$ cat run22.txt   # compact mmCIF, C-alpha atoms and all ligand atoms
# COMPACT_ATOMS: atom_id res chain seq x y z
CA MET V 1 -60.73 63.65 -197.66
CA HIS V 2 -57.44 63.80 -195.83
CA ILE V 3 -56.02 60.96 -193.77
CA ALA V 4 -52.94 60.59 -191.58
CA VAL V 5 -51.17 57.27 -191.19
CA ILE V 6 -49.03 57.07 -188.06
CA GLY V 7 -46.16 54.59 -188.52
CA THR V 8 -44.80 54.21 -192.04
CA GLY V 9 -43.65 50.59 -191.97
CA TYR V 10 -44.94 47.65 -193.99
CA VAL V 11 -48.53 48.31 -193.05
CA GLY V 12 -48.56 52.09 -192.85
CA LEU V 13 -46.69 52.72 -196.12
CA VAL V 14 -48.81 50.28 -198.13
CA THR V 15 -52.03 51.60 -196.54
CA GLY V 16 -51.08 55.22 -197.17
CA ALA V 17 -49.90 54.64 -200.74
CA CYS V 18 -53.05 52.70 -201.67
CA PHE V 19 -55.38 55.32 -200.21
CA ALA V 20 -53.50 57.98 -202.17
CA GLU V 21 -53.91 55.88 -205.31
CA PHE V 22 -57.67 55.94 -204.65
CA GLY V 23 -57.49 59.75 -204.69
CA VAL V 24 -57.33 60.45 -200.95
CA ASP V 25 -54.84 63.01 -199.59
CA VAL V 26 -52.50 61.09 -197.29
CA THR V 27 -49.82 62.18 -194.85
CA CYS V 28 -47.62 59.32 -193.66
CA VAL V 29 -45.92 60.01 -190.33
CA ASP V 30 -42.95 58.27 -188.77
CA VAL V 31 -40.56 58.96 -185.89
CA ASP V 32 -37.65 57.61 -187.92
CA GLU V 33 -36.25 60.76 -189.56
CA GLN V 34 -33.94 58.81 -191.88
CA LYS V 35 -36.84 56.72 -193.15
CA VAL V 36 -38.92 59.83 -193.81
CA GLU V 37 -35.99 61.50 -195.58
CA ASN V 38 -35.48 58.44 -197.78
CA LEU V 39 -39.17 58.13 -198.61
CA ARG V 40 -39.21 61.77 -199.72
CA LYS V 41 -36.38 60.89 -202.12
CA GLY V 42 -38.31 57.87 -203.40
CA VAL V 43 -36.23 55.27 -201.54
CA ILE V 44 -38.72 52.58 -200.49
CA PRO V 45 -37.49 50.53 -197.50
CA ILE V 46 -39.60 47.45 -198.25
CA TYR V 47 -40.48 45.40 -201.30
CA GLU V 48 -44.08 45.14 -202.42
CA PRO V 49 -44.74 44.63 -206.13
CA GLY V 50 -45.69 47.97 -207.72
CA LEU V 51 -45.40 49.95 -204.49
CA ASP V 52 -42.52 52.13 -205.70
CA THR V 53 -44.51 53.19 -208.78
CA ILE V 54 -47.60 54.00 -206.72
CA VAL V 55 -45.57 56.02 -204.21
CA GLU V 56 -43.72 57.94 -206.92
CA LYS V 57 -46.91 58.72 -208.83
CA ASN V 58 -48.87 59.92 -205.81
CA VAL V 59 -46.01 61.96 -204.34
CA ALA V 60 -45.72 63.71 -207.73
CA ALA V 61 -49.50 64.33 -207.66
CA HIS V 62 -49.15 65.85 -204.15
CA ARG V 63 -51.59 63.32 -202.73
CA LEU V 64 -48.94 61.50 -200.65
CA SER V 65 -46.37 63.08 -198.36
CA PHE V 66 -44.07 61.99 -195.56
CA THR V 67 -43.31 63.80 -192.33
CA ILE V 68 -42.15 63.47 -188.73
CA ASP V 69 -44.60 66.19 -187.70
CA ILE V 70 -47.46 64.18 -186.22
CA ALA V 71 -49.35 67.20 -184.82
CA THR V 72 -49.77 68.92 -188.19
CA ALA V 73 -50.69 65.66 -189.91
CA VAL V 74 -53.35 64.86 -187.30
CA LYS V 75 -54.83 68.35 -187.36
CA ARG V 76 -55.28 68.20 -191.14
CA ALA V 77 -56.76 64.70 -191.15
CA GLU V 78 -60.35 63.58 -190.82
CA VAL V 79 -59.27 59.97 -190.31
CA VAL V 80 -56.13 58.88 -188.43
CA PHE V 81 -54.73 55.37 -188.88
CA LEU V 82 -52.42 53.97 -186.20
CA ALA V 83 -49.99 51.55 -187.84
CA VAL V 84 -47.01 51.51 -185.49
CA GLY V 85 -45.34 48.27 -184.50
CA THR V 86 -46.52 46.08 -181.61
CA PRO V 87 -43.70 43.50 -181.63
CA PRO V 88 -43.73 40.52 -179.26
CA LYS V 89 -41.71 40.83 -176.05
CA THR V 90 -39.61 37.92 -174.79
CA ASP V 91 -42.60 36.61 -172.79
CA GLY V 92 -44.78 36.64 -175.92
CA SER V 93 -46.95 39.57 -174.86
CA PRO V 94 -47.11 42.53 -177.27
CA ASP V 95 -44.88 45.55 -176.67
CA MET V 96 -47.50 48.29 -176.61
CA SER V 97 -45.09 51.15 -175.88
CA TYR V 98 -44.95 52.45 -179.49
CA TYR V 99 -48.69 52.23 -179.74
CA ARG V 100 -49.26 54.09 -176.46
CA GLN V 101 -46.80 56.81 -177.44
CA ALA V 102 -48.42 57.25 -180.84
CA ALA V 103 -51.91 57.30 -179.29
CA LYS V 104 -50.75 59.93 -176.80
CA ASP V 105 -49.23 62.05 -179.57
CA VAL V 106 -52.47 61.82 -181.55
CA ALA V 107 -54.56 62.71 -178.48
CA GLU V 108 -52.43 65.80 -177.83
CA ALA V 109 -52.78 66.98 -181.42
CA VAL V 110 -56.51 66.38 -181.85
CA ASP V 111 -58.38 69.66 -182.25
CA GLY V 112 -61.77 68.38 -183.35
CA TYR V 113 -63.74 65.37 -184.41
CA LYS V 114 -61.59 62.58 -185.98
CA VAL V 115 -62.10 58.92 -186.71
CA LEU V 116 -59.23 56.86 -185.26
CA VAL V 117 -58.54 53.53 -186.95
CA THR V 118 -56.29 50.93 -185.35
CA LYS V 119 -54.29 48.95 -187.94
CA SER V 120 -51.73 47.80 -185.38
CA THR V 121 -52.30 44.37 -183.92
CA VAL V 122 -53.44 44.99 -180.35
CA PRO V 123 -54.48 42.65 -177.51
CA VAL V 124 -57.67 40.69 -177.58
CA GLY V 125 -61.10 42.21 -177.89
CA THR V 126 -63.42 41.39 -175.07
CA GLY V 127 -66.89 40.53 -176.30
CA LYS V 128 -69.13 38.86 -173.78
CA TRP V 129 -72.73 37.80 -173.27
CA LEU V 130 -74.16 37.06 -169.87
CA VAL V 131 -77.39 36.16 -168.15
CA VAL V 132 -78.12 38.64 -165.35
CA ARG V 133 -80.61 37.25 -162.85
CA GLN V 134 -79.47 39.18 -159.79
CA PRO V 135 -77.21 42.08 -158.85
CA GLY V 136 -73.57 41.17 -159.22
CA ASN V 137 -70.15 42.46 -160.18
CA TYR V 138 -69.94 41.90 -163.92
CA GLY V 139 -66.46 43.36 -164.15
CA TRP V 140 -66.37 46.87 -165.56
CA PRO V 141 -64.15 48.83 -165.07
CA TYR V 142 -61.79 46.42 -163.33
CA CYS V 143 -61.97 43.23 -165.36
CA ALA V 144 -63.48 42.01 -168.62
CA THR V 145 -63.83 38.52 -167.16
CA PRO V 146 -62.35 36.99 -163.97
CA GLU V 147 -59.36 35.91 -166.09
CA LEU V 148 -58.96 39.19 -167.98
CA PRO V 149 -58.18 42.06 -165.62
CA TYR V 150 -57.59 45.59 -166.87
CA VAL V 151 -54.58 47.39 -165.39
CA ALA V 152 -54.56 50.55 -163.32
CA TYR V 153 -53.47 53.46 -165.54
CA ASP V 154 -52.11 56.76 -164.29
CA PHE V 155 -53.36 59.32 -166.81
CA ALA V 156 -51.07 62.03 -165.40
CA SER V 157 -47.84 60.06 -165.81
CA GLY V 158 -49.02 57.75 -168.59
CA VAL V 159 -47.71 54.76 -166.61
CA SER V 160 -49.64 51.49 -166.43
CA GLY V 161 -49.77 49.78 -163.05
CA ALA V 162 -50.60 46.29 -161.84
CA PRO V 163 -53.59 44.31 -163.09
CA PHE V 164 -56.69 44.60 -160.89
CA ASP V 165 -57.50 41.68 -158.62
CA CYS V 166 -60.71 40.24 -160.12
CA GLN V 167 -61.39 38.17 -157.00
CA HIS V 168 -61.14 41.16 -154.65
CA PRO V 169 -61.57 44.37 -156.63
CA VAL V 170 -61.41 47.55 -154.54
CA ASN V 171 -63.05 50.84 -155.55
CA HIS V 172 -60.79 53.62 -154.25
CA SER V 173 -62.56 56.39 -156.16
CA SER V 174 -63.17 59.58 -154.20
CA HIS V 175 -66.56 59.70 -155.94
CA ASN V 176 -67.55 56.25 -154.65
CA THR V 177 -70.50 56.41 -152.26
CA GLY V 178 -71.01 52.63 -152.17
CA LEU V 179 -68.96 49.57 -151.36
CA ALA V 180 -65.17 49.89 -151.43
CA GLU V 181 -64.53 46.14 -151.27
CA LEU V 182 -66.39 44.73 -154.24
CA PRO V 183 -67.63 41.19 -154.77
CA PRO V 184 -65.63 38.94 -157.09
CA VAL V 185 -66.10 39.46 -160.82
CA LEU V 186 -68.58 36.95 -162.26
CA GLU V 187 -67.88 34.71 -165.22
CA PRO V 188 -69.93 35.60 -168.32
CA GLU V 189 -71.80 32.82 -170.11
CA LEU V 190 -69.83 33.65 -173.26
CA ALA V 191 -66.54 35.50 -173.71
CA TYR V 192 -64.94 35.82 -177.13
CA SER V 193 -62.46 37.82 -179.14
CA PHE V 194 -61.47 38.24 -182.78
CA ASN V 195 -60.55 34.61 -183.36
CA SER V 196 -62.93 31.67 -183.58
CA LEU V 197 -63.61 29.67 -180.43
CA PRO V 198 -63.05 25.89 -180.61
CA ASP V 199 -66.20 25.28 -178.53
CA TRP V 200 -68.39 27.64 -180.56
CA PRO V 201 -67.41 27.58 -184.25
CA GLU V 202 -70.91 28.94 -185.00
CA LEU V 203 -69.70 32.38 -183.86
CA GLY V 204 -67.08 32.52 -186.60
CA SER V 205 -64.32 35.12 -186.35
CA GLY V 206 -63.91 38.79 -187.13
CA GLY V 207 -64.87 41.89 -185.23
CA VAL V 208 -66.25 42.09 -181.73
CA GLY V 209 -69.68 43.72 -181.48
CA PRO V 210 -71.92 41.54 -179.28
CA MET V 211 -75.62 42.39 -179.17
CA ALA V 212 -78.21 40.85 -176.87
CA GLY V 213 -81.55 40.27 -178.53
CA PRO V 214 -84.99 39.30 -177.31
CA ALA V 215 -86.27 35.84 -176.40
CA TYR V 216 -89.34 34.90 -178.39
CA VAL V 217 -92.65 34.55 -176.56
CA PHE V 218 -94.74 32.02 -178.46
CA SER V 219 -98.53 32.15 -178.28
CA ALA V 220 -100.65 29.38 -179.78
CA GLU V 221 -103.66 31.74 -179.66
CA ARG V 222 -102.03 34.47 -181.69
CA SER V 223 -103.54 34.39 -185.13
CA SER V 224 -100.77 35.46 -187.46
CA ALA V 225 -99.63 33.95 -190.72
CA VAL V 226 -96.06 35.18 -190.12
CA LYS V 227 -95.43 34.29 -186.47
CA TRP V 228 -92.34 32.29 -185.61
CA PRO V 229 -93.02 28.68 -184.53
CA GLU V 230 -92.92 27.28 -181.02
CA GLN V 231 -89.45 25.78 -181.52
CA TYR V 232 -87.97 29.26 -180.95
CA ALA V 233 -89.98 29.96 -177.77
CA GLY V 234 -87.82 31.28 -174.96
CA LEU V 235 -84.54 31.16 -176.89
CA PRO V 236 -82.59 34.40 -176.48
CA LEU V 237 -81.28 35.72 -179.77
CA PHE V 238 -77.67 36.79 -179.89
CA TYR V 239 -76.52 38.89 -182.81
CA GLU V 240 -73.12 40.19 -183.83
CA TRP V 241 -72.99 43.68 -185.20
CA THR V 242 -69.66 43.13 -186.95
CA ARG V 243 -70.33 39.59 -188.21
CA ASP V 244 -73.85 40.00 -189.63
CA LEU V 245 -75.13 36.88 -187.92
CA VAL V 246 -78.02 36.00 -185.61
CA ILE V 247 -77.86 32.96 -183.34
CA ALA V 248 -80.50 31.44 -181.05
CA PHE V 249 -78.94 30.26 -177.79
CA HIS V 250 -80.20 27.08 -176.14
CA LEU V 251 -79.61 27.45 -172.39
CA SER V 252 -79.52 25.07 -169.46
CA ALA V 253 -81.80 25.74 -166.47
CA GLY V 254 -78.85 27.54 -164.84
CA GLY V 255 -78.39 29.82 -167.85
CA ALA V 256 -75.28 28.17 -169.37
CA ILE V 257 -75.15 28.03 -173.16
CA GLU V 258 -75.74 24.42 -174.21
CA SER V 259 -75.84 24.91 -177.95
CA MET V 260 -75.97 27.60 -180.60
CA GLU V 261 -78.41 27.58 -183.49
CA PRO V 262 -77.42 30.03 -186.22
CA LEU V 263 -80.59 31.38 -187.85
CA PRO V 264 -80.92 30.91 -191.60
CA PHE V 265 -80.57 34.58 -192.55
CA THR V 266 -78.00 37.31 -192.22
CA LEU V 267 -78.50 40.96 -191.36
CA ASP V 268 -76.21 43.79 -192.41
CA ASN V 269 -74.70 45.09 -189.15
CA PRO V 270 -77.75 44.35 -186.99
CA MET V 271 -78.30 47.12 -184.42
CA ASP V 272 -81.53 46.24 -182.67
CA MET V 273 -84.31 43.71 -182.85
CA GLU V 274 -87.68 42.96 -181.27
CA PHE V 275 -90.50 40.53 -181.94
CA GLY V 276 -93.65 42.33 -183.03
CA PRO V 277 -97.23 41.63 -181.92
CA ASP V 278 -97.55 39.51 -185.08
CA GLY V 279 -94.76 37.18 -183.88
CA ALA V 280 -92.38 38.24 -186.69
CA LEU V 281 -88.90 39.60 -185.94
CA TYR V 282 -88.24 43.27 -186.63
CA ALA V 283 -84.59 44.24 -186.97
CA LEU V 284 -82.73 47.47 -187.56
CA GLU V 285 -79.83 47.06 -189.93
CA TYR V 286 -77.13 49.71 -189.69
CA GLY V 287 -75.46 48.72 -192.96
CA ASP V 288 -71.87 49.58 -193.83
CA GLY V 289 -70.38 53.04 -193.56
CA TYR V 290 -70.43 55.62 -190.82
CA TYR V 291 -71.42 59.24 -190.36
CA GLN V 292 -72.90 59.53 -193.80
CA ILE V 293 -76.23 58.87 -195.45
CA ASN V 294 -76.25 55.11 -195.45
CA PRO V 295 -78.36 53.49 -198.19
CA ASP V 296 -77.92 50.06 -196.57
CA ALA V 297 -79.68 51.10 -193.36
CA GLN V 298 -83.15 49.65 -193.06
CA LEU V 299 -85.88 48.21 -190.89
CA THR V 300 -86.32 44.55 -191.78
CA ARG V 301 -89.16 42.17 -190.94
CA ILE V 302 -88.27 38.48 -190.76
CA GLU V 303 -91.46 36.45 -191.16
CA TYR V 304 -91.71 32.73 -190.66
CA VAL V 305 -92.88 30.95 -193.79
CA SER V 306 -94.05 27.43 -193.05
CA ALA V 307 -93.53 24.64 -195.55
CA PRO V 308 -96.57 24.11 -197.82
N1 LIG V 401 -46.62 43.42 -191.56
C1 LIG V 401 -47.81 42.84 -191.74
O1 LIG V 401 -48.07 42.07 -192.67
C2 LIG V 401 -48.95 43.15 -190.79
C3 LIG V 401 -50.22 42.72 -191.11
C4 LIG V 401 -51.28 43.05 -190.28
C5 LIG V 401 -51.06 43.80 -189.14
N2 LIG V 401 -49.81 44.21 -188.84
C6 LIG V 401 -49.65 45.03 -187.65
O2 LIG V 401 -49.49 46.38 -188.04
C7 LIG V 401 -48.58 47.02 -187.14
C8 LIG V 401 -47.42 47.64 -187.91
O3 LIG V 401 -46.70 46.57 -188.51
P1 LIG V 401 -45.51 46.87 -189.52
O4 LIG V 401 -45.08 45.54 -190.03
O5 LIG V 401 -45.92 47.94 -190.48
O6 LIG V 401 -44.40 47.45 -188.50
P2 LIG V 401 -43.05 48.22 -188.89
O7 LIG V 401 -42.12 47.97 -187.76
O8 LIG V 401 -42.63 47.89 -190.29
O9 LIG V 401 -43.47 49.75 -188.91
C9 LIG V 401 -43.81 50.46 -187.77
C10 LIG V 401 -43.37 51.89 -187.99
O10 LIG V 401 -43.88 52.70 -186.93
C11 LIG V 401 -42.93 53.69 -186.63
N3 LIG V 401 -43.22 54.24 -185.32
C12 LIG V 401 -42.99 53.73 -184.09
N4 LIG V 401 -43.44 54.55 -183.12
C13 LIG V 401 -44.00 55.61 -183.74
C14 LIG V 401 -44.65 56.80 -183.29
N5 LIG V 401 -44.81 57.06 -181.98
N6 LIG V 401 -45.09 57.68 -184.21
C15 LIG V 401 -44.92 57.45 -185.53
N7 LIG V 401 -44.31 56.33 -186.03
C16 LIG V 401 -43.86 55.43 -185.15
C17 LIG V 401 -41.61 52.96 -186.73
O11 LIG V 401 -40.52 53.84 -186.90
C18 LIG V 401 -41.86 52.08 -187.96
O12 LIG V 401 -41.43 52.73 -189.16
C19 LIG V 401 -48.15 45.96 -186.14
O13 LIG V 401 -49.00 46.04 -185.00
C20 LIG V 401 -48.41 44.69 -186.87
O14 LIG V 401 -48.63 43.60 -186.00
C21 LIG V 401 -48.76 43.91 -189.64
$ encode --input "run22.txt" --output "structure tokens"
Amino acid sequence: MHIAVIGTGYVGLVTGACFAEFGVDVTCVDVDEQKVENLRKGVIPIYEPGLDTIVEKNVAAHRLSFTIDIATAVKRAEVVFLAVGTPPKTDGSPDMSYYRQAAKDVAEAVDGYKVLVTKSTVPVGTGKWLVVRQPGNYGWPYCATPELPYVAYDFASGVSGAPFDCQHPVNHSSHNTGLAELPPVLEPELAYSFNSLPDWPELGSGGVGPMAGPAYVFSAERSSAVKWPEQYAGLPLFYEWTRDLVIAFHLSAGGAIESMEPLPFTLDNPMDMEFGPDGALYALEYGDGYYQINPDAQLTRIEYVSAP
């Protein structure tokens, strides 16, 4: 396995050195020629206990190298880590220019399938869950929510433009055969990111992989020893692929989330779920790991076991 780490600062150097220590072939890339030159000579620009020894050992073993040549590093790698800086600007927003440049350089060098991993801290993820009862403008590709517009991006020049107007989005596409003036973007019932939400601590924090599950249809006539009880009737299940949790949402008549009831089990990266004819829940668990035979992957049945 060969990986490339783009940006050899605190994060990139430690990441690259530790992967090399695990036996992976690592090329660390940086635009700072002096830094690369020094690293080749064993001069470590930061202090982390033991890092100098790990770097020296893995450079000597030819598992770790340093370069300014991003194209060659990317072409050799199966996995590319982006670890360039995203420092705060004076207004507090992140300066994404290094990140964009690095992403562009990677995109130009890519010659086949690669996994791209973002280690840099980048703006908020945009997970959302919404109740759709009628046609509406739910945002994409102009806005994540009415408060979170995307910006127009010129792919030819690489220049970002103004944020879209979520109240009056306009579809200028030459391929558009429908409305040009679009209705306002609707508010989702739930919008969340990587951090925990004060109103909904049940969601926890972590990755952003929202999944909309079924609402249970209870039947008193169904004769099944494993069927879920009536208390779950009509509650839509929400599950989080990255957080391994399943939550029943209690909704108001208008569809707003009134409360969240975490269910007393976890699933390993839940991918899909349906209630079966027996009233038990059937879930597909993806498990951890990608693009490989995954021993964690399984079909799971969650039966209800009533108290004796
Ligand atoms: N330092 C931490 O503890 C920490 C922890 C978690 C996440 N992060 C995030 O990781 C990212 C990197 O942080 P850091 O502290 O390592 O930053 P850093 O400033 O120490 O290192 C960034 C490196 O990227 C290089 N670089 C810039 N543009 C480049 C390009 N186009 N191609 C190749 N290299 C380029 C710079 O020369 C620099 O050496 C940031 O987004 C940061 O928020 C940092």
$ axis_aligned_box --input "run22.txt" --around "range 207-219 of chain V" --padding-each-side "6 Å" --output "lines of an AutoDock Vina configuration file"
center_x = -81.7
center_y = 37.9
center_z = -180.8
size_x = 45.7
size_y = 23.7
size_z = 20.8
$ atom_distance --input "run22.txt" --atom1 "CA of Val208 in chain V" --atom2 "CA of Lys104 in chain V"
24.1 Å
$ residues_near_ligand --input "run22.txt" --ligand "ligand LIG 401 (chain V)" --cutoff "6 Å" --atoms "all atoms listed in the file" --output "PDB file with C-alpha atoms, keeping the file's coordinate frame"
ATOM      1  CA  ILE V   6     -49.030  57.070-188.060  1.00  0.00           C
ATOM      2  CA  GLY V   7     -46.160  54.590-188.520  1.00  0.00           C
ATOM      3  CA  THR V   8     -44.800  54.210-192.040  1.00  0.00           C
ATOM      4  CA  GLY V   9     -43.650  50.590-191.970  1.00  0.00           C
ATOM      5  CA  TYR V  10     -44.940  47.650-193.990  1.00  0.00           C
ATOM      6  CA  VAL V  11     -48.530  48.310-193.050  1.00  0.00           C
ATOM      7  CA  GLY V  12     -48.560  52.090-192.850  1.00  0.00           C
ATOM      8  CA  VAL V  29     -45.920  60.010-190.330  1.00  0.00           C
ATOM      9  CA  ASP V  30     -42.950  58.270-188.770  1.00  0.00           C
ATOM     10  CA  VAL V  31     -40.560  58.960-185.890  1.00  0.00           C
ATOM     11  CA  ASP V  32     -37.650  57.610-187.920  1.00  0.00           C
ATOM     12  CA  ALA V  83     -49.990  51.550-187.840  1.00  0.00           C
ATOM     13  CA  VAL V  84     -47.010  51.510-185.490  1.00  0.00           C
ATOM     14  CA  GLY V  85     -45.340  48.270-184.500  1.00  0.00           C
ATOM     15  CA  THR V  86     -46.520  46.080-181.610  1.00  0.00           C
ATOM     16  CA  TYR V  98     -44.950  52.450-179.490  1.00  0.00           C
ATOM     17  CA  GLN V 101     -46.800  56.810-177.440  1.00  0.00           C
ATOM     18  CA  ALA V 102     -48.420  57.250-180.840  1.00  0.00           C
ATOM     19  CA  LYS V 119     -54.290  48.950-187.940  1.00  0.00           C
ATOM     20  CA  SER V 120     -51.730  47.800-185.380  1.00  0.00           C
ATOM     21  CA  THR V 121     -52.300  44.370-183.920  1.00  0.00           C
TER      22      THR V 121
END
$ atom_distance --input "run22.txt" --atom1 "CA of Cys28 in chain V" --atom2 "CA of Gly209 in chain V"
29.6 Å
$ closest_residue --input "run22.txt" --among "V:Thr300, V:Val170, V:Ala109, V:Pro210" --to "Asp69 in chain V" --atoms "only C-alpha atoms"
V:Ala109
$ closest_residue --input "run22.txt" --among "V:Tyr153, V:Phe164, V:Tyr142, V:Trp129" --to "Tyr192 in chain V" --atoms "only C-alpha atoms"
V:Trp129
$ closest_residue --input "run22.txt" --among "V:Leu299, V:Val80, V:Glu189, V:Val132" --to "Thr118 in chain V" --atoms "all atoms listed in the file"
V:Val80
$ residues_around --input "run22.txt" --residues "Arg243 in chain V" --least-positions-apart "4" --cutoff "8 Å" --atoms "all atoms listed in the file" --output "list of chain:residue names"
V:Gly204, V:Ser205, V:Gly206, V:Gly207, V:Gly209, V:Asn269
$ residues_around --input "run22.txt" --residues "Ala297 in chain V" --least-positions-apart "2" --cutoff "8 Å" --atoms "all atoms listed in the file" --output "VMD selection string"
chain V and resid 284 to 288 294 to 295 299
$ residues_near_point --input "run22.txt" --point "(-51.7, 52.5, -171.0)" --cutoff "10 Å" --atoms "only C-alpha atoms" --output "PyMOL selection string"
chain V and resi 96-97+99-101+103-104+150-155+157-161
$ write_last_selection --input "run22.txt" --atoms "C-alpha atoms" --output "CSV table (one decimal), in the coordinates of the input"
chain,number,residue,atom,x,y,z
V,96,MET,CA,-47.5,48.3,-176.6
V,97,SER,CA,-45.1,51.2,-175.9
V,99,TYR,CA,-48.7,52.2,-179.7
V,100,ARG,CA,-49.3,54.1,-176.5
V,101,GLN,CA,-46.8,56.8,-177.4
V,103,ALA,CA,-51.9,57.3,-179.3
V,104,LYS,CA,-50.8,59.9,-176.8
V,150,TYR,CA,-57.6,45.6,-166.9
V,151,VAL,CA,-54.6,47.4,-165.4
V,152,ALA,CA,-54.6,50.6,-163.3
V,153,TYR,CA,-53.5,53.5,-165.5
V,154,ASP,CA,-52.1,56.8,-164.3
V,155,PHE,CA,-53.4,59.3,-166.8
V,157,SER,CA,-47.8,60.1,-165.8
V,158,GLY,CA,-49.0,57.8,-168.6
V,159,VAL,CA,-47.7,54.8,-166.6
V,160,SER,CA,-49.6,51.5,-166.4
V,161,GLY,CA,-49.8,49.8,-163.0
$ atom_distance --input "run22.txt" --atom1 "CA of Leu64 in chain V" --atom2 "CA of Pro87 in chain V"
26.7 Å
$ residues_near_point --input "run22.txt" --point "(-68.6, 45.5, -169.9)" --cutoff "10 Å" --atoms "only C-alpha atoms" --output "PyMOL selection string"
chain V and resi 126-129+138-145
$ residues_around --input "run22.txt" --residues "Leu251 in chain V" --least-positions-apart "4" --cutoff "10 Å" --atoms "only C-alpha atoms" --output "MDAnalysis selection string"
chainID V and resid 131 189 234:236 255:260
$ residues_around --input "run22.txt" --residues "Phe66 in chain V" --least-positions-apart "6" --cutoff "12 Å" --atoms "all atoms listed in the file" --output "ChimeraX atom specification"
/V:4-9,12-13,16-17,25-44,55,58-59,72-73
